>>> print(open('run-v4.txt').read())   # compact mmCIF, C-alpha atoms
# COMPACT_ATOMS: atom_id res chain seq x y z
CA MET A 1 9.90 3.86 28.77
CA ASN A 2 6.93 4.64 31.07
CA HIS A 3 3.34 4.92 29.85
CA LEU A 4 3.26 8.73 29.65
CA GLU A 5 6.54 8.96 27.74
CA GLU A 6 5.31 6.27 25.37
CA LEU A 7 2.15 8.30 24.80
CA LYS A 8 4.17 11.40 23.98
CA GLU A 9 6.44 9.51 21.59
CA PHE A 10 3.51 8.04 19.69
CA ALA A 11 1.77 11.41 19.66
CA ARG A 12 4.65 12.89 17.71
CA LEU A 13 4.16 10.26 15.00
CA HIS A 14 0.42 10.81 14.69
CA ALA A 15 0.70 14.58 14.90
CA ARG A 16 3.13 14.59 11.98
CA GLY A 17 0.82 12.27 10.08
CA GLN A 18 -1.92 14.88 10.41
CA GLY A 19 0.31 17.73 9.26
CA MET A 20 1.07 19.23 12.66
CA THR A 21 4.54 20.66 13.17
CA GLU A 22 7.06 19.70 15.84
CA ARG A 23 6.66 23.17 17.29
CA GLN A 24 2.90 22.79 17.64
CA VAL A 25 3.32 19.47 19.44
CA ALA A 26 6.16 20.76 21.63
CA ALA A 27 3.96 23.63 22.81
CA VAL A 28 1.45 21.19 24.31
CA LEU A 29 3.37 18.18 25.63
CA PRO A 30 5.10 19.94 28.59
CA TRP A 31 1.68 20.74 30.08
CA ILE A 32 0.79 17.04 30.24
CA THR A 33 1.89 15.57 33.57
CA THR A 34 -0.28 12.46 33.91
CA ASP A 35 -2.68 10.15 32.13
CA GLU A 36 -5.05 10.00 35.08
CA PRO A 37 -8.63 10.57 33.82
CA GLY A 38 -10.16 13.78 35.15
CA HIS A 39 -6.86 15.37 36.18
CA PRO A 40 -6.38 18.94 34.80
CA GLY A 41 -2.90 17.98 33.60
CA SER A 42 -3.99 14.72 32.03
CA TRP A 43 -3.32 13.70 28.45
CA ALA A 44 -6.92 13.93 27.29
CA ARG A 45 -7.75 17.20 29.07
CA VAL A 46 -4.69 19.14 27.95
CA TRP A 47 -5.09 18.15 24.30
CA SER A 48 -8.84 18.78 24.50
CA ALA A 49 -8.29 22.26 25.93
CA GLU A 50 -6.04 23.11 22.98
CA ALA A 51 -8.63 21.69 20.60
CA ASP A 52 -11.41 23.68 22.30
CA ARG A 53 -9.41 26.88 21.79
CA LEU A 54 -9.00 26.21 18.08
CA ALA A 55 -12.63 25.23 17.61
CA PHE A 56 -13.73 28.48 19.27
CA ALA A 57 -11.37 30.38 16.93
CA GLY A 58 -13.16 28.91 13.90
CA ARG A 59 -10.45 26.41 12.94
CA PRO A 60 -12.36 23.10 12.94
CA ILE A 61 -9.83 20.93 11.11
CA ASP A 62 -7.03 22.04 13.44
CA ALA A 63 -9.29 21.37 16.41
CA CYS A 64 -10.18 17.96 14.97
CA ARG A 65 -6.50 16.99 14.85
CA ARG A 66 -6.02 17.85 18.53
CA TYR A 67 -9.17 15.97 19.53
CA ALA A 68 -7.82 12.94 17.64
CA LEU A 69 -4.71 13.12 19.83
CA ALA A 70 -6.80 13.66 22.97
CA ARG A 71 -8.67 10.38 22.38
CA PHE A 72 -5.40 8.55 21.54
CA PRO A 73 -4.79 5.63 21.67
CA HIS A 74 -8.46 4.68 22.19
CA HIS A 75 -11.50 6.19 23.86
CA GLY A 76 -11.25 4.11 27.02
CA ASP A 77 -12.34 6.76 29.58
CA ASP A 78 -14.89 9.59 29.74
CA ASP A 79 -12.44 12.34 28.78
CA ARG A 80 -11.25 10.43 25.73
CA LEU A 81 -14.81 9.54 24.78
CA ARG A 82 -15.74 13.23 24.76
CA ALA A 83 -12.67 13.95 22.66
CA GLN A 84 -13.75 11.21 20.23
CA HIS A 85 -17.20 12.81 19.85
CA ASN A 86 -15.66 16.25 19.38
CA CYS A 87 -13.23 14.90 16.80
CA VAL A 88 -16.17 13.74 14.69
CA ARG A 89 -18.13 16.95 15.33
CA THR A 90 -15.36 19.32 14.27
CA PHE A 91 -14.56 17.28 11.17
CA ASP A 92 -18.26 17.42 10.35
CA ASP A 93 -18.06 21.23 10.54
CA TRP A 94 -15.03 21.27 8.23
CA ARG A 95 -16.24 18.84 5.57
CA ARG A 96 -19.63 20.39 4.75
CA ARG A 97 -18.21 22.85 2.20
CA ARG A 98 -15.74 20.39 0.69
CA GLY A 99 -17.83 17.75 -1.01
CA VAL A 100 -17.42 15.17 1.75
CA ASP A 101 -20.47 13.18 2.85
CA ARG A 102 -21.21 11.01 5.86
CA LEU A 103 -22.20 7.34 5.67
CA VAL A 104 -23.37 5.11 8.52
CA LEU A 105 -24.00 1.39 7.99
CA ASP A 106 -25.77 -1.00 10.35
CA HIS A 107 -23.47 -4.02 10.29
CA PRO A 108 -24.71 -7.26 11.94
CA GLY A 109 -21.91 -6.81 14.50
CA GLY A 110 -22.43 -3.11 15.20
CA THR A 111 -22.09 0.29 13.55
CA VAL A 112 -19.65 1.26 10.79
CA ALA A 113 -19.31 4.99 10.04
CA ALA A 114 -17.41 6.61 7.19
CA TRP A 115 -16.71 9.82 5.31
CA THR A 116 -17.06 9.64 1.53
CA ALA A 117 -16.50 11.64 -1.65
CA GLY A 118 -17.27 10.94 -5.29
CA LEU A 119 -19.91 8.27 -4.66
CA ASP A 120 -22.45 8.67 -7.48
CA GLY A 121 -25.23 6.33 -8.51
CA GLY A 122 -25.23 7.74 -12.02
CA ARG A 123 -21.50 7.79 -12.66
CA HIS A 124 -19.69 4.84 -11.14
CA ARG A 125 -16.05 5.61 -10.44
CA PRO A 126 -13.33 3.18 -9.31
CA LEU A 127 -13.33 2.94 -5.52
CA VAL A 128 -10.61 3.73 -3.00
CA VAL A 129 -11.07 2.52 0.58
CA ILE A 130 -8.92 4.33 3.16
CA MET A 131 -8.56 2.74 6.58
CA GLY A 132 -6.14 3.57 9.39
CA GLY A 133 -4.62 1.27 11.98
CA ILE A 134 -5.57 0.35 15.53
CA VAL A 135 -5.03 3.85 16.96
CA SER A 136 -5.94 6.22 14.11
CA VAL A 137 -9.47 7.44 13.40
CA LYS A 138 -10.94 8.10 9.97
CA GLU A 139 -10.83 11.88 10.53
CA GLN A 140 -7.02 11.71 10.28
CA TRP A 141 -7.23 10.43 6.69
CA ALA A 142 -10.52 11.86 5.43
CA PRO A 143 -8.98 15.19 4.23
CA LEU A 144 -7.61 13.07 1.33
CA LEU A 145 -11.14 12.41 0.05
CA PRO A 146 -11.76 15.59 -1.99
CA LYS A 147 -8.33 15.20 -3.63
CA LEU A 148 -9.08 11.60 -4.62
CA ALA A 149 -12.48 12.65 -5.98
CA ARG A 150 -10.71 15.21 -8.20
CA LEU A 151 -8.51 12.38 -9.48
CA GLY A 152 -11.65 10.58 -10.65
CA TYR A 153 -12.17 8.15 -7.76
CA ALA A 154 -15.03 7.36 -5.47
CA ALA A 155 -13.42 7.28 -2.01
CA ILE A 156 -14.38 6.27 1.49
CA ALA A 157 -12.48 6.73 4.76
CA THR A 158 -13.49 4.41 7.56
CA GLU A 159 -12.04 2.65 10.61
CA MET A 160 -10.94 -0.74 11.79
CA PRO A 161 -13.22 -2.69 14.13
CA GLY A 162 -13.24 -1.12 17.59
CA VAL A 163 -11.59 2.13 16.46
CA GLY A 164 -13.36 5.49 16.54
CA GLU A 165 -17.03 5.11 15.64
CA ASN A 166 -16.67 1.49 14.54
CA THR A 167 -18.34 -0.61 17.24
CA LEU A 168 -17.43 -4.03 15.83
CA ARG A 169 -15.05 -6.35 17.68
CA TYR A 170 -11.58 -6.89 16.20
CA ARG A 171 -11.26 -10.58 15.33
CA ALA A 172 -9.40 -12.88 12.98
CA ASP A 173 -12.28 -12.61 10.50
CA SER A 174 -12.41 -8.80 10.61
CA TRP A 175 -11.09 -8.74 7.03
CA GLU A 176 -14.68 -9.50 6.02
CA LEU A 177 -15.48 -5.85 6.74
CA LEU A 178 -13.93 -4.93 3.38
CA PRO A 179 -16.15 -7.20 1.25
CA TYR A 180 -19.09 -5.98 3.34
CA LEU A 181 -18.29 -2.37 2.41
CA LEU A 182 -17.97 -3.26 -1.28
CA ASP A 183 -21.32 -5.05 -1.19
CA HIS A 184 -22.98 -1.90 0.16
CA LEU A 185 -21.28 0.52 -2.23
CA GLY A 186 -21.92 -1.38 -5.45
CA ASP A 187 -24.70 0.96 -6.57
CA ARG A 188 -22.56 4.10 -6.08
CA ALA A 189 -19.03 3.09 -7.15
CA ARG A 190 -17.20 0.70 -9.47
CA VAL A 191 -16.37 -1.72 -6.68
CA ALA A 192 -14.98 -4.30 -9.12
CA GLN A 193 -12.03 -1.90 -9.39
CA THR A 194 -11.28 -1.23 -5.73
CA SER A 195 -7.98 -0.10 -4.28
CA VAL A 196 -7.30 -0.22 -0.55
CA LEU A 197 -5.12 2.35 1.17
CA GLY A 198 -4.75 0.40 4.40
CA LEU A 199 -2.37 1.82 7.00
CA SER A 200 -0.63 -0.54 9.42
CA PHE A 201 -3.05 -3.15 10.81
CA SER A 202 -5.70 -2.44 8.18
CA GLY A 203 -3.11 -3.40 5.57
CA HIS A 204 -3.23 -6.87 7.13
CA LEU A 205 -7.02 -6.92 6.64
CA ALA A 206 -6.60 -5.84 3.01
CA LEU A 207 -4.10 -8.61 2.25
CA ARG A 208 -6.40 -11.25 3.71
CA ALA A 209 -9.47 -9.86 1.94
CA ALA A 210 -7.69 -9.69 -1.43
CA ALA A 211 -6.95 -13.41 -1.22
CA ASP A 212 -10.73 -14.05 -1.38
CA ASP A 213 -12.28 -11.01 -3.05
CA SER A 214 -11.27 -10.31 -6.66
CA ARG A 215 -12.88 -6.86 -6.53
CA ILE A 216 -9.81 -5.61 -4.63
CA ARG A 217 -7.39 -4.71 -7.43
CA SER A 218 -4.50 -3.08 -5.54
CA ILE A 219 -3.24 -2.59 -1.97
CA HIS A 220 -1.17 0.30 -0.66
CA THR A 221 0.04 0.02 2.90
CA VAL A 222 2.56 1.17 5.51
CA GLY A 223 4.04 -1.20 8.07
CA ALA A 224 1.33 -3.85 7.95
CA PRO A 225 1.71 -6.90 10.22
CA VAL A 226 1.44 -10.19 8.36
CA ALA A 227 2.38 -13.29 10.35
CA GLU A 228 5.42 -12.94 12.61
CA PHE A 229 3.90 -10.09 14.62
CA PHE A 230 0.95 -12.27 15.56
CA SER A 231 2.76 -15.54 16.16
CA ASP A 232 6.38 -14.96 17.24
CA PRO A 233 6.73 -15.21 21.05
CA LEU A 234 10.23 -13.69 20.89
CA TRP A 235 9.00 -10.52 19.17
CA TRP A 236 5.99 -9.92 21.38
CA PRO A 237 7.87 -8.62 24.48
CA ARG A 238 9.42 -5.91 22.28
CA VAL A 239 6.03 -4.58 21.15
CA PRO A 240 5.21 -1.24 22.86
CA GLY A 241 2.82 -1.46 25.79
CA ILE A 242 0.36 0.95 24.16
CA THR A 243 0.07 -1.32 21.13
CA ARG A 244 -0.49 -4.42 23.24
CA GLU A 245 -3.08 -2.74 25.47
CA THR A 246 -4.92 -1.25 22.51
CA LEU A 247 -5.14 -4.66 20.87
CA ARG A 248 -6.45 -6.13 24.10
CA ARG A 249 -9.19 -3.50 24.21
CA LEU A 250 -10.17 -3.86 20.54
CA THR A 251 -10.41 -7.64 20.81
CA GLY A 252 -12.27 -7.47 24.13
CA VAL A 253 -10.16 -10.12 25.88
CA ALA A 254 -9.43 -10.05 29.59
CA ASP A 255 -5.63 -10.07 29.67
CA GLN A 256 -2.44 -10.24 27.64
CA GLY A 257 -2.24 -14.02 27.88
CA GLU A 258 -5.63 -14.43 26.28
CA LEU A 259 -4.69 -11.83 23.68
CA ARG A 260 -1.56 -13.75 22.64
CA SER A 261 -3.60 -16.90 22.20
CA LEU A 262 -6.21 -15.09 20.13
CA LEU A 263 -3.74 -13.28 17.86
CA ALA A 264 -2.19 -16.53 16.69
CA ASP A 265 -5.26 -16.99 14.49
CA PHE A 266 -4.61 -13.66 12.72
CA ALA A 267 -1.33 -14.77 11.08
CA LEU A 268 -1.44 -15.13 7.29
CA ASP A 269 0.19 -18.26 5.91
CA GLU A 270 2.12 -18.53 2.65
CA THR A 271 -0.73 -20.25 0.83
CA THR A 272 -3.04 -17.32 1.58
CA LEU A 273 -0.44 -14.77 0.52
CA GLU A 274 0.29 -16.59 -2.73
CA SER A 275 -3.40 -16.09 -3.57
CA VAL A 276 -2.97 -12.30 -3.51
CA HIS A 277 -2.30 -11.67 -7.20
CA VAL A 278 -2.92 -7.90 -7.21
CA PRO A 279 -0.22 -5.21 -6.96
CA VAL A 280 0.85 -4.56 -3.36
CA ASN A 281 2.82 -1.39 -2.53
CA TYR A 282 4.34 -1.58 0.95
CA VAL A 283 6.26 1.09 2.87
CA VAL A 284 8.94 -0.36 5.16
CA SER A 285 10.34 1.56 8.14
CA ARG A 286 13.81 0.17 8.83
CA ARG A 287 13.67 0.94 12.57
CA ASP A 288 10.07 -0.18 13.04
CA GLU A 289 9.54 -0.93 16.72
CA ILE A 290 6.15 -2.61 16.15
CA ILE A 291 6.41 -4.64 12.93
CA PRO A 292 9.18 -7.27 12.59
CA ALA A 293 11.50 -7.01 9.60
CA GLY A 294 10.54 -10.56 8.67
CA GLU A 295 7.09 -9.39 7.58
CA HIS A 296 8.16 -7.64 4.41
CA GLN A 297 10.66 -10.41 3.73
CA LEU A 298 7.77 -12.88 3.83
CA LEU A 299 5.82 -10.72 1.40
CA ALA A 300 8.83 -10.55 -0.94
CA ARG A 301 8.93 -14.36 -1.04
CA THR A 302 5.23 -14.99 -1.50
CA LEU A 303 3.46 -12.11 -3.24
CA PRO A 304 3.44 -12.32 -7.03
CA ARG A 305 3.43 -8.52 -7.45
CA VAL A 306 4.94 -6.43 -4.66
CA ARG A 307 6.95 -3.22 -4.45
CA PHE A 308 8.67 -1.78 -1.38
CA LYS A 309 9.66 1.73 -0.44
CA GLU A 310 12.02 1.93 2.54
CA PHE A 311 12.60 4.82 4.93
CA ASP A 312 15.18 4.91 7.71
CA ASP A 313 12.60 5.63 10.38
CA VAL A 314 10.37 4.18 13.11
CA HIS A 315 6.86 2.76 12.63
CA GLY A 316 4.84 4.82 10.19
CA SER A 317 7.94 6.78 9.04
CA PRO A 318 6.78 10.01 10.72
CA ALA A 319 9.84 11.97 9.59
CA HIS A 320 9.06 11.20 5.95
CA GLN A 321 5.32 11.87 5.77
CA GLY A 322 5.45 14.01 2.65
CA ALA A 323 7.47 11.51 0.61
CA LEU A 324 5.49 8.60 2.04
CA ARG A 325 2.10 10.01 1.07
CA SER A 326 3.29 11.05 -2.36
CA TRP A 327 4.62 7.54 -3.01
CA LEU A 328 1.39 5.89 -1.84
CA VAL A 329 -0.88 8.13 -3.88
CA ALA A 330 1.35 7.89 -6.95
CA SER A 331 1.28 4.09 -6.59
CA LEU A 332 -2.49 4.25 -6.35
CA VAL A 333 -2.76 6.30 -9.55
CA ARG A 334 -0.29 4.05 -11.40
CA SER A 335 -2.28 0.96 -10.47
CA ARG A 336 -5.47 2.56 -11.76
CA ILE A 337 -3.83 3.60 -15.04
CA ALA A 338 -2.52 0.07 -15.55
CA GLU A 339 -6.15 -1.13 -15.66
CA SER A 340 -7.45 1.75 -17.76
CA THR A 341 -4.64 2.68 -20.13
CA GLY A 342 -7.07 4.35 -22.45
CA ARG A 343 -7.74 6.94 -19.76
CA ALA A 344 -4.11 7.55 -18.86
CA GLY A 345 -4.02 11.03 -20.35
CA ARG A 346 -6.98 12.25 -18.32
CA TYR A 347 -5.60 10.84 -15.06
CA ARG A 348 -2.14 12.27 -15.79
CA ARG A 349 -3.60 15.73 -16.24
CA ALA A 350 -5.75 15.35 -13.12
CA ALA A 351 -2.82 14.19 -10.98
CA ALA A 352 -0.73 17.13 -12.14
CA ARG A 353 -3.39 19.53 -10.85
CA VAL A 354 -3.81 17.96 -7.42
CA THR A 355 -1.48 18.17 -4.42
CA ALA A 356 -1.11 15.69 -1.61
CA PRO A 357 -2.13 16.63 1.98
CA HIS A 358 -0.19 19.42 3.61
CA GLY A 359 1.05 20.84 0.31
CA THR A 360 3.22 17.96 -0.92
CA ALA A 361 3.05 17.81 -4.71
CA LEU A 362 1.87 14.55 -6.23
CA PRO A 363 3.89 13.22 -9.14
CA ALA A 364 1.98 12.77 -12.36
CA PRO A 365 1.00 9.14 -13.02
CA GLY A 366 3.60 8.76 -15.75
CA ALA A 367 6.40 10.37 -13.77
CA GLN A 368 9.37 8.48 -12.35
CA LEU A 369 8.61 7.28 -8.83
CA PRO A 370 11.14 7.24 -5.99
CA THR A 371 13.52 4.30 -6.00
CA THR A 372 11.95 1.10 -4.71
CA ARG A 373 13.20 -2.32 -3.80
CA SER A 374 10.98 -5.05 -5.18
CA GLY A 375 10.44 -8.68 -4.37
CA GLY A 376 8.20 -11.56 -5.35
CA ARG A 377 8.27 -13.89 -8.30
CA ARG A 378 7.46 -11.25 -10.92
CA PRO A 379 9.62 -8.19 -11.67
CA SER A 380 8.57 -4.84 -10.23
CA SER A 381 8.43 -3.44 -13.75
CA THR A 382 5.23 -5.40 -14.32
CA PRO A 383 2.58 -2.78 -15.23
CA GLY A 384 0.66 -1.73 -12.17
CA SER A 385 3.02 -3.33 -9.69
>>> encode(input="run-v4.txt", output="structure tokens")
Amino acid sequence: MNHLEELKEFARLHARGQGMTERQVAAVLPWITTDEPGHPGSWARVWSAEADRLAFAGRPIDACRRYALARFPHHGDDDRLRAQHNCVRTFDDWRRRRGVDRLVLDHPGGTVAAWTAGLDGGRHRPLVVIMGGIVSVKEQWAPLLPKLARLGYAAIATEMPGVGENTLRYRADSWELLPYLLDHLGDRARVAQTSVLGLSFSGHLALRAAADDSRIRSIHTVGAPVAEFFSDPLWWPRVPGITRETLRRLTGVADQGELRSLLADFALDETTLESVHVPVNYVVSRRDEIIPAGEHQLLARTLPRVRFKEFDDVHGSPAHQGALRSWLVASLVRSRIAESTGRAGRYRRAAARVTAPHGTALPAPGAQLPTTRSGGRRPSSTPGS
């Protein structure tokens, strides 16, 4: 598959994840003839033109979604950089009347930006940290924030190092970003009861952070790499070129050889994983072209409390976004109730009133979840697992 076709294939996944329809994507892709920066038919310019049209029509969140695709997979040229800025700008227009605030932190390694909801110095709520993977910006997930606030959470949507507005370098110790965030939110949220909704590569950061930081009380992830992705030389040639090039850019190395050497340090060993005692809810895509099947098998062997939900799909399970998001959010609510059983009634009523993104109904916290396959040394029926 050539670079442009790979771009289009990945775009379909991320468009679905943002609630765009196949028809909306199909109306744009035929106009894209190249990925050459500055060309009128280029990836970034065609998507940006569609986003401009929607922004002018007063539809900022729809424009934001197209700008997110225009800057995909990373803002590595001027057209994509403009799309990145416009993605933030149009989300900023949308969020002002929806109880979403902006947060910018000066990290020793650079700048970390986020969207937040429910942070309150007077009323500390349990915290949810939402973080996408190596190609998805916080604006793709931030529409969840008002819904989580209505469920009684403080919530923050931010980005992995090197992605979007995050100017940090992606390194083996990038998991330390999560404890850093908790340190800075301690006066506005109950950080000792933090859940991480970490998609793909940020799920890897969450697993590593949870091994050291007891404030992380549950992890909810989709297709997170663990060890084999980073260390198996037989798997690496099968990884899509866009993924490999994006990782090279985020890590700042010169070439793929240097990248392979660097990534070996990212792999999590069994001792580290056995230290993750919190519930982990992991979505497996059976035809995942990025994450080896051995990753969730490793988690099943080593994690004390793990649950899996499988979809017959490619990475991110784009054809099952409604069911996927409902399962993740329901798992999040169940984990919270397991720690605060005295408040179960209030959270059950709140969950029944709230819907997931794009109109998918959330199950109430006490409702039967979709069938899962569980692993680990403790049964999946363990409360909160």
>>> closest_atom_pairs(input="run-v4.txt", of="stretch 134-174 of chain A", to="stretch 205-227 of chain A", cutoff="9 Å", atoms="only C-alpha atoms", output="JSON lines")
{"residue": "A:Met160", "atom": "CA", "partner": "A:Leu205", "partner_atom": "CA", "distance": 8.9}
{"residue": "A:Asp173", "atom": "CA", "partner": "A:Leu205", "partner_atom": "CA", "distance": 8.7}
{"residue": "A:Ser174", "atom": "CA", "partner": "A:Leu205", "partner_atom": "CA", "distance": 7.0}
>>> closest_residue(input="run-v4.txt", among="A:Gly186, A:Pro292, A:Gly17, A:Pro279", to="A:Ser231", atoms="all atoms listed in the file")
A:Pro292
>>> closest_residue(input="run-v4.txt", among="A:Leu105, A:Ser42, A:Arg190, A:Ile130", to="A:Leu168", atoms="only C-alpha atoms")
A:Leu105
>>> closest_residue(input="run-v4.txt", among="A:Ile32, A:Ile61, A:Ala300, A:Ala319", to="A:Ala49", atoms="only C-alpha atoms")
A:Ile32
>>> atom_distance(input="run-v4.txt", atom1="atom CA of A:Ala70", atom2="atom CA of A:Trp47")
5.0 Å
>>> closest_residue(input="run-v4.txt", among="A:Val306, A:Ala192, A:Ile290, A:Leu144", to="A:Ser326", atoms="only C-alpha atoms")
A:Leu144
>>> closest_residue(input="run-v4.txt", among="A:Glu339, A:Glu5, A:Glu139, A:Asp93", to="A:Thr158", atoms="only C-alpha atoms")
A:Glu139
>>> atom_distance(input="run-v4.txt", atom1="atom CA of A:Leu103", atom2="atom CA of A:Ser136")
18.4 Å
>>> closest_residue(input="run-v4.txt", among="A:Ser200, A:Ser335, A:Gln256, A:Thr302", to="A:Tyr282", atoms="only C-alpha atoms")
A:Ser200
>>> atom_distance(input="run-v4.txt", atom1="atom CA of A:Gly162", atom2="atom CA of A:Gly110")
9.7 Å
>>> residues_around(input="run-v4.txt", residues="stretch 74-85 of chain A", least_positions_apart="2", cutoff="8 Å", atoms="all atoms listed in the file", output="PDB file with C-alpha atoms, in the frame of the given file")
ATOM      1  CA  PRO A  37      -8.630  10.570  33.820  1.00  0.00           C
ATOM      2  CA  GLY A  38     -10.160  13.780  35.150  1.00  0.00           C
ATOM      3  CA  ALA A  44      -6.920  13.930  27.290  1.00  0.00           C
ATOM      4  CA  ARG A  45      -7.750  17.200  29.070  1.00  0.00           C
ATOM      5  CA  SER A  48      -8.840  18.780  24.500  1.00  0.00           C
ATOM      6  CA  TYR A  67      -9.170  15.970  19.530  1.00  0.00           C
ATOM      7  CA  ALA A  68      -7.820  12.940  17.640  1.00  0.00           C
ATOM      8  CA  ALA A  70      -6.800  13.660  22.970  1.00  0.00           C
ATOM      9  CA  ARG A  71      -8.670  10.380  22.380  1.00  0.00           C
ATOM     10  CA  PHE A  72      -5.400   8.550  21.540  1.00  0.00           C
ATOM     11  CA  CYS A  87     -13.230  14.900  16.800  1.00  0.00           C
ATOM     12  CA  VAL A  88     -16.170  13.740  14.690  1.00  0.00           C
ATOM     13  CA  ARG A  89     -18.130  16.950  15.330  1.00  0.00           C
ATOM     14  CA  VAL A 135      -5.030   3.850  16.960  1.00  0.00           C
ATOM     15  CA  VAL A 163     -11.590   2.130  16.460  1.00  0.00           C
ATOM     16  CA  GLY A 164     -13.360   5.490  16.540  1.00  0.00           C
ATOM     17  CA  THR A 246      -4.920  -1.250  22.510  1.00  0.00           C
TER      18      THR A 246
END
>>> residues_around(input="run-v4.txt", residues="stretch 228-230 of chain A", least_positions_apart="3", cutoff="8 Å", atoms="all atoms listed in the file", output="count of residues only")
14
>>> residues_around(input="run-v4.txt", residues="A:Ser202", least_positions_apart="5", cutoff="7 Å", atoms="all atoms listed in the file", output="number ranges by chain")
A: 131-133, 160
>>> residues_near_point(input="run-v4.txt", point="(-10.9, 7.2, -3.5)", cutoff="9 Å", atoms="all atoms listed in the file", output="ChimeraX atom specification")
/A:116-118,125-130,144-149,151-157,194-197
>>> write_last_selection(input="run-v4.txt", atoms="C-alpha atoms", output="PDB file, in the coordinates of the input")
ATOM      1  CA  THR A 116     -17.060   9.640   1.530  1.00  0.00           C
ATOM      2  CA  ALA A 117     -16.500  11.640  -1.650  1.00  0.00           C
ATOM      3  CA  GLY A 118     -17.270  10.940  -5.290  1.00  0.00           C
ATOM      4  CA  ARG A 125     -16.050   5.610 -10.440  1.00  0.00           C
ATOM      5  CA  PRO A 126     -13.330   3.180  -9.310  1.00  0.00           C
ATOM      6  CA  LEU A 127     -13.330   2.940  -5.520  1.00  0.00           C
ATOM      7  CA  VAL A 128     -10.610   3.730  -3.000  1.00  0.00           C
ATOM      8  CA  VAL A 129     -11.070   2.520   0.580  1.00  0.00           C
ATOM      9  CA  ILE A 130      -8.920   4.330   3.160  1.00  0.00           C
ATOM     10  CA  LEU A 144      -7.610  13.070   1.330  1.00  0.00           C
ATOM     11  CA  LEU A 145     -11.140  12.410   0.050  1.00  0.00           C
ATOM     12  CA  PRO A 146     -11.760  15.590  -1.990  1.00  0.00           C
ATOM     13  CA  LYS A 147      -8.330  15.200  -3.630  1.00  0.00           C
ATOM     14  CA  LEU A 148      -9.080  11.600  -4.620  1.00  0.00           C
ATOM     15  CA  ALA A 149     -12.480  12.650  -5.980  1.00  0.00           C
ATOM     16  CA  LEU A 151      -8.510  12.380  -9.480  1.00  0.00           C
ATOM     17  CA  GLY A 152     -11.650  10.580 -10.650  1.00  0.00           C
ATOM     18  CA  TYR A 153     -12.170   8.150  -7.760  1.00  0.00           C
ATOM     19  CA  ALA A 154     -15.030   7.360  -5.470  1.00  0.00           C
ATOM     20  CA  ALA A 155     -13.420   7.280  -2.010  1.00  0.00           C
ATOM     21  CA  ILE A 156     -14.380   6.270   1.490  1.00  0.00           C
ATOM     22  CA  ALA A 157     -12.480   6.730   4.760  1.00  0.00           C
ATOM     23  CA  THR A 194     -11.280  -1.230  -5.730  1.00  0.00           C
ATOM     24  CA  SER A 195      -7.980  -0.100  -4.280  1.00  0.00           C
ATOM     25  CA  VAL A 196      -7.300  -0.220  -0.550  1.00  0.00           C
ATOM     26  CA  LEU A 197      -5.120   2.350   1.170  1.00  0.00           C
TER      27      LEU A 197
END
>>> residues_around(input="run-v4.txt", residues="A:Pro60", least_positions_apart="4", cutoff="10 Å", atoms="only C-alpha atoms", output="PyMOL selection string")
chain A and resi 51-52+54-56+64-66+86-87+89-95
>>> residues_around(input="run-v4.txt", residues="A:Glu22", least_positions_apart="3", cutoff="12 Å", atoms="only C-alpha atoms", output="compact mmCIF listing (two decimals) with C-alpha atoms, in the frame of the given file")
# COMPACT_ATOMS: atom_id res chain seq x y z
CA LYS A 8 4.17 11.40 23.98
CA GLU A 9 6.44 9.51 21.59
CA ALA A 11 1.77 11.41 19.66
CA ARG A 12 4.65 12.89 17.71
CA LEU A 13 4.16 10.26 15.00
CA HIS A 14 0.42 10.81 14.69
CA ALA A 15 0.70 14.58 14.90
CA ARG A 16 3.13 14.59 11.98
CA GLY A 17 0.82 12.27 10.08
CA GLN A 18 -1.92 14.88 10.41
CA GLY A 19 0.31 17.73 9.26
CA VAL A 25 3.32 19.47 19.44
CA ALA A 26 6.16 20.76 21.63
CA ALA A 27 3.96 23.63 22.81
CA VAL A 28 1.45 21.19 24.31
CA LEU A 29 3.37 18.18 25.63
CA PRO A 318 6.78 10.01 10.72
CA ALA A 319 9.84 11.97 9.59
